[in-house]
Amino acid sequence: MKDKSIRWGLPILLVLIALPAVVQDTFFLRVITEAIMWIGLALAFDVLAGYTGYLNFGHGAFFGLGAYTTAILMMQAHWPFALALPMGGILAGVGALVAGLPTLRLKGAYFAIATWALSRAVQQMALIMDITGGPDGMRLPSFLNPQFFYYLMLAIVAVTFALLWYLLECSPFGLKLKAIREDDQGAMALGLNPTKLKMQAFILSAVPTGVLGGVYAYWITFIDPASTLGDLVSDQALVMVVFGGMGTLIGPVIGALLIFAFKTLFWAYLSDFQLLYLIILGAVIALSVVFIPNGLWGTLRGARSNRKDEAKKAGSSAAKLSQSEGE
Amino acid sequence: MDGILLGGIYITIAIAFSLTYGVMHIIDFAVGEWIMFGAFAGYYLNKVTGIDPFLLLPVVFILFAMIGYLIQPVIHRVLSGNKGNPLLMGLVFTFGLAIMFQGIALTVFGFYSNSTPSVFSEGSFFFEKFGFSLTISSIRLAGLIYALAITAALHYLLKKTNFGLGVRALALNRDSAGLMGVNGKQTASLVYGLYVGVSAMTGVLIGCILSVSAQMGTEYTIFAFFVVVLAGMGYLAGVPWAALLLGMVQSIFLIYFNPGHTLLAVFAILYIILLISPRGLFGRGV
């Protein structure tokens, strides 16, 4: 599995690094940059949803927290972007710590609504506070260098992916999280500390989200409560993960690419029917839960491993047959 | 006084909500959306037929109970699936439904930019005339009477009938209840229908007392959840007190402080209570 991942990951990374040299069109580069951002957001969402079994409907709040922290530090305190960005990530992590303290004790379903309510509360806070600019949002100094943001986004998401791949697929940490997902009590009986692990997973999910939010703020140069703290960020991350496949790292990438491509096309050609997008989003969630509960990637992989199993079975029964014939 | 009345409305939402959780073990994210649809149903039925909304309550109840009864099997299918994490998927499913409903409502009933849900630009979304020619405060009184009646009816249903016994048995232990001859599937469908019906009815009432908008659902989902957590999950007897408390807090903030801070204040209270006593105000939750 490990060398396979390097075999696949490295060429893709190389292609992505070389891409801006080929693609000169700024609009197209912008679309790809945003697609990469959504991959990162979906990956971070999946840490908690797929691996730990906790749905964080406040994902958008951490995105917004990172965005606002970076923006406020840059505009009010005049910090350089390079310093403000990590602070965005750190603050998102602290936010996860504070929010997780009472809510991670709740059962899965309650955690979901608690984080959802939290995101509402954060949005409300941004609306009424002075430092955030209220409903008008904030403007950042524009730094028009699409390639810089492309590489920054790519670097952050690639590092996130590598880190998550190592932690969740190659180290015991991922197994521990899965143990909690499958059986909280059982994991505790095995000597794991579920609350601590859940907290770690929550922070692991929140920090990249906050950093991506910070990059987004500087990239788009305008943030307001409706766009960065709204439900749409959480909703879309959820759709991508559920549609692509929960509990894997490849699934969210596929989901993010497909859903984002759909979204871009939709907004390009059917922008008059924005509300339809909400309906489609909800319908995709509901339908994929009913028909492909393992997501696109999980279903594909399941079909492949089934075939392998069958082949193995057929092979072993053939071997048995020849053995018995030999006797 | 307003707080008590508002709390009365929350009671009806939260009891049905917590009942559904007890039987199906999932939280319905679409609760606010049912309320919203109910409110719109009341609004349009009132407009078309001219009948007083209070007399329309049974009609709305039956209509939505049937919808809920028909939708529940799909949720049941998701919940009893053997793939993935069924409970999680059930949650995702109702969340998807909620988004979809909201999109449909915004498309059909109109959309006013992403402003806070408390701003209603269209005056026509208010119920202005009533057959009773009651003043606002007596409408609120009627709302409280309605809440008490619904609570009493649900209490009777749960504690005194065979159906209620089955529901309580299911909430305690699904498998054993099945062995004792409780039809889990059908009971769950009935409970879900009951819950959707009650939510929609309460929606009609909210439409009378407060207002109707396509974006109102979210707020009530959050409040229903707050009440249930404050009371302690699955502890039905705590629901009325938690609902009253929440109603009081909300109206105190509406009157004496900035209405924009209400959600924050409620959230802060919830946060502190969860830190001190994770099992709700009474320490009796699951």
# chains A, B, ... in the order shown; residues from 1 in each chain; ligands from 1
$ closest_atom_pairs --of "chain A" --to "chain B" --cutoff "7 Å" --atoms "only C-alpha atoms" --output "JSON lines"
{"residue": "A:Pro102", "atom": "CA", "partner": "B:Leu275", "partner_atom": "CA", "distance": 5.2}
{"residue": "A:Ala109", "atom": "CA", "partner": "B:Ile27", "partner_atom": "CA", "distance": 6.2}
{"residue": "A:Ala117", "atom": "CA", "partner": "B:Ile222", "partner_atom": "CA", "distance": 6.1}
{"residue": "A:Ala121", "atom": "CA", "partner": "B:Leu264", "partner_atom": "CA", "distance": 5.4}
{"residue": "A:Ala226", "atom": "CA", "partner": "B:Asn114", "partner_atom": "CA", "distance": 6.6}
{"residue": "A:Leu275", "atom": "CA", "partner": "B:Gly103", "partner_atom": "CA", "distance": 5.7}
{"residue": "A:Leu276", "atom": "CA", "partner": "B:Gly103", "partner_atom": "CA", "distance": 6.7}
{"residue": "A:Leu278", "atom": "CA", "partner": "B:Gly103", "partner_atom": "CA", "distance": 5.0}
{"residue": "A:Ile279", "atom": "CA", "partner": "B:Met100", "partner_atom": "CA", "distance": 4.3}
{"residue": "A:Gly282", "atom": "CA", "partner": "B:Gly96", "partner_atom": "CA", "distance": 4.2}
{"residue": "A:Ala283", "atom": "CA", "partner": "B:Met100", "partner_atom": "CA", "distance": 6.0}
{"residue": "A:Ile285", "atom": "CA", "partner": "B:Gly96", "partner_atom": "CA", "distance": 5.0}
{"residue": "A:Ala286", "atom": "CA", "partner": "B:Phe93", "partner_atom": "CA", "distance": 4.8}
{"residue": "A:Val289", "atom": "CA", "partner": "B:Phe93", "partner_atom": "CA", "distance": 6.1}
{"residue": "A:Val290", "atom": "CA", "partner": "B:Val78", "partner_atom": "CA", "distance": 5.9}
{"residue": "A:Pro293", "atom": "CA", "partner": "B:Gly84", "partner_atom": "CA", "distance": 6.5}
{"residue": "A:Asn294", "atom": "CA", "partner": "B:Gly84", "partner_atom": "CA", "distance": 6.1}
$ residues_around --residues "Tyr216 in chain A" --least-positions-apart "2" --cutoff "10 Å" --atoms "only C-alpha atoms" --output "PyMOL selection string"
chain A and resi 33-34+37+63-64+66-67+70+149+153+210-214+218-223+228
$ residues_around --residues "Gln200 in chain A" --least-positions-apart "2" --cutoff "10 Å" --atoms "only C-alpha atoms" --output "VMD selection string"
chain A and resid 48 93 96 to 97 100 173 177 194 to 198 202 to 206
$ residues_around --residues "range 179-182 of chain B" --least-positions-apart "2" --cutoff "12 Å" --atoms "only C-alpha atoms" --output "list of chain:residue names"
B:Asn162, B:Phe163, B:Gly164, B:Leu165, B:Gly166, B:Val167, B:Arg168, B:Ala169, B:Leu170, B:Ala171, B:Asn173, B:Arg174, B:Asp175, B:Ser176, B:Ala177, B:Gly184, B:Lys185, B:Gln186, B:Thr187, B:Ala188
$ write_last_selection --atoms "C-alpha atoms" --output "compact mmCIF listing (two decimals), in the first residue's frame"
# COMPACT_ATOMS: atom_id res chain seq x y z
CA ASN B 162 -50.71 0.10 24.43
CA PHE B 163 -49.12 2.05 21.63
CA GLY B 164 -47.28 4.16 24.19
CA LEU B 165 -46.13 1.08 26.01
CA GLY B 166 -44.71 -0.24 22.76
CA VAL B 167 -42.95 3.05 22.09
CA ARG B 168 -41.39 3.07 25.55
CA ALA B 169 -40.34 -0.53 25.18
CA LEU B 170 -38.68 0.26 21.86
CA ALA B 171 -36.84 3.15 23.41
CA ASN B 173 -34.42 -2.00 24.08
CA ARG B 174 -35.18 -2.47 20.44
CA ASP B 175 -34.49 -6.19 20.21
CA SER B 176 -36.33 -7.23 23.33
CA ALA B 177 -39.30 -5.11 22.37
CA GLY B 184 -40.71 -1.95 15.63
CA LYS B 185 -40.89 -0.86 12.04
CA GLN B 186 -44.50 0.22 12.14
CA THR B 187 -44.26 1.84 15.55
CA ALA B 188 -41.23 3.83 14.42
$ closest_residue --among "A:Leu14, A:Val94, A:Ala268, A:Val122" --to "Asp231 in chain A" --atoms "only C-alpha atoms"
A:Val122
$ residues_around --residues "Trp116 in chain A" --least-positions-apart "3" --cutoff "7 Å" --atoms "only C-alpha atoms" --output "ChimeraX atom specification"
/A:57-58,112-113,119-120
$ closest_residue --among "A:Leu91, A:Thr209, A:Lys176, A:Phe45" --to "Asn193 in chain A" --atoms "only C-alpha atoms"
A:Lys176
$ residues_around --residues "Gly230 in chain A" --least-positions-apart "6" --cutoff "8 Å" --atoms "only C-alpha atoms" --output "ChimeraX atom specification"
/A:60-61,123
$ write_last_selection --atoms "C-alpha atoms" --output "mmCIF file, in the first residue's frame"
data_model
loop_
_atom_site.group_PDB
_atom_site.id
_atom_site.type_symbol
_atom_site.label_atom_id
_atom_site.label_comp_id
_atom_site.auth_asym_id
_atom_site.auth_seq_id
_atom_site.Cartn_x
_atom_site.Cartn_y
_atom_site.Cartn_z
ATOM 1 C CA GLY A 60 -17.135 26.147 8.101
ATOM 2 C CA ALA A 61 -16.686 27.881 11.453
ATOM 3 C CA GLN A 123 -21.377 33.521 12.501
#
$ closest_residue --among "B:Trp34, B:Tyr146, B:Tyr69, B:Phe17" --to "Leu57 in chain B" --atoms "only C-alpha atoms"
B:Tyr146
$ select_by_dssp --residues "range 169-245 of chain B" --states "helix (DSSP H, G or I)" --output "PyMOL selection string"
chain B and resi 169-172+174-179+184-209+217-231+236-245
$ write_last_selection --atoms "C-alpha atoms" --output "PDB file, in the first residue's frame"
ATOM      1  CA  ALA B 169     -40.341  -0.533  25.177  1.00  0.00           C
ATOM      2  CA  LEU B 170     -38.679   0.258  21.865  1.00  0.00           C
ATOM      3  CA  ALA B 171     -36.839   3.155  23.409  1.00  0.00           C
ATOM      4  CA  LEU B 172     -35.503   0.916  26.161  1.00  0.00           C
ATOM      5  CA  ARG B 174     -35.184  -2.465  20.444  1.00  0.00           C
ATOM      6  CA  ASP B 175     -34.486  -6.190  20.207  1.00  0.00           C
ATOM      7  CA  SER B 176     -36.327  -7.225  23.335  1.00  0.00           C
ATOM      8  CA  ALA B 177     -39.304  -5.111  22.374  1.00  0.00           C
ATOM      9  CA  GLY B 178     -39.358  -6.924  19.057  1.00  0.00           C
ATOM     10  CA  LEU B 179     -39.340 -10.274  20.850  1.00  0.00           C
ATOM     11  CA  GLY B 184     -40.705  -1.954  15.633  1.00  0.00           C
ATOM     12  CA  LYS B 185     -40.889  -0.858  12.040  1.00  0.00           C
ATOM     13  CA  GLN B 186     -44.503   0.215  12.142  1.00  0.00           C
ATOM     14  CA  THR B 187     -44.255   1.840  15.547  1.00  0.00           C
ATOM     15  CA  ALA B 188     -41.234   3.829  14.419  1.00  0.00           C
ATOM     16  CA  SER B 189     -43.133   4.964  11.338  1.00  0.00           C
ATOM     17  CA  LEU B 190     -46.093   6.003  13.470  1.00  0.00           C
ATOM     18  CA  VAL B 191     -43.887   7.857  15.916  1.00  0.00           C
ATOM     19  CA  TYR B 192     -42.132   9.641  13.092  1.00  0.00           C
ATOM     20  CA  GLY B 193     -45.491  10.540  11.566  1.00  0.00           C
ATOM     21  CA  LEU B 194     -46.697  11.798  14.930  1.00  0.00           C
ATOM     22  CA  TYR B 195     -43.569  13.859  15.356  1.00  0.00           C
ATOM     23  CA  VAL B 196     -43.739  15.400  11.878  1.00  0.00           C
ATOM     24  CA  GLY B 197     -47.428  16.163  12.406  1.00  0.00           C
ATOM     25  CA  VAL B 198     -46.882  17.824  15.775  1.00  0.00           C
ATOM     26  CA  SER B 199     -43.930  19.814  14.428  1.00  0.00           C
ATOM     27  CA  ALA B 200     -45.955  21.038  11.477  1.00  0.00           C
ATOM     28  CA  MET B 201     -48.854  21.974  13.733  1.00  0.00           C
ATOM     29  CA  THR B 202     -46.546  23.916  15.954  1.00  0.00           C
ATOM     30  CA  GLY B 203     -45.246  25.552  12.807  1.00  0.00           C
ATOM     31  CA  VAL B 204     -48.737  26.837  12.020  1.00  0.00           C
ATOM     32  CA  LEU B 205     -48.867  28.305  15.483  1.00  0.00           C
ATOM     33  CA  ILE B 206     -45.475  29.916  15.156  1.00  0.00           C
ATOM     34  CA  GLY B 207     -46.710  31.348  11.895  1.00  0.00           C
ATOM     35  CA  CYS B 208     -49.576  32.976  13.802  1.00  0.00           C
ATOM     36  CA  ILE B 209     -47.599  34.252  16.738  1.00  0.00           C
ATOM     37  CA  GLY B 217     -36.258  26.326  10.106  1.00  0.00           C
ATOM     38  CA  THR B 218     -32.654  26.463  11.220  1.00  0.00           C
ATOM     39  CA  GLU B 219     -33.425  28.474  14.309  1.00  0.00           C
ATOM     40  CA  TYR B 220     -35.991  25.979  15.540  1.00  0.00           C
ATOM     41  CA  THR B 221     -33.754  23.008  14.857  1.00  0.00           C
ATOM     42  CA  ILE B 222     -31.147  24.570  17.102  1.00  0.00           C
ATOM     43  CA  PHE B 223     -33.646  25.397  19.820  1.00  0.00           C
ATOM     44  CA  ALA B 224     -35.175  21.941  19.738  1.00  0.00           C
ATOM     45  CA  PHE B 225     -31.702  20.537  20.167  1.00  0.00           C
ATOM     46  CA  PHE B 226     -30.878  22.921  23.010  1.00  0.00           C
ATOM     47  CA  VAL B 227     -33.988  21.958  24.895  1.00  0.00           C
ATOM     48  CA  VAL B 228     -33.296  18.261  24.524  1.00  0.00           C
ATOM     49  CA  VAL B 229     -29.689  18.583  25.657  1.00  0.00           C
ATOM     50  CA  LEU B 230     -30.586  20.879  28.552  1.00  0.00           C
ATOM     51  CA  ALA B 231     -33.185  18.409  29.710  1.00  0.00           C
ATOM     52  CA  LEU B 236     -38.713  13.409  28.682  1.00  0.00           C
ATOM     53  CA  ALA B 237     -39.823  14.712  32.074  1.00  0.00           C
ATOM     54  CA  GLY B 238     -37.103  17.353  31.992  1.00  0.00           C
ATOM     55  CA  VAL B 239     -38.173  18.745  28.632  1.00  0.00           C
ATOM     56  CA  PRO B 240     -40.888  21.167  29.844  1.00  0.00           C
ATOM     57  CA  TRP B 241     -38.597  22.804  32.397  1.00  0.00           C
ATOM     58  CA  ALA B 242     -35.737  23.130  29.958  1.00  0.00           C
ATOM     59  CA  ALA B 243     -38.082  24.567  27.341  1.00  0.00           C
ATOM     60  CA  LEU B 244     -39.463  27.126  29.776  1.00  0.00           C
ATOM     61  CA  LEU B 245     -35.965  28.120  30.845  1.00  0.00           C
TER      62      LEU B 245
END
$ atom_distance --atom1 "CA of Phe54 in chain B" --atom2 "CA of Phe40 in chain B"
14.0 Å
$ atom_distance --atom1 "CA of Pro252 in chain A" --atom2 "CA of Met240 in chain A"
5.8 Å
$ atom_distance --atom1 "CA of Leu16 in chain A" --atom2 "CA of Leu300 in chain A"
25.0 Å
$ select_by_dssp --residues "range 118-309 of chain A" --states "strand (DSSP E or B)" --output "list in words"
Met138, Arg139, Phe222 and Ile223 of chain A
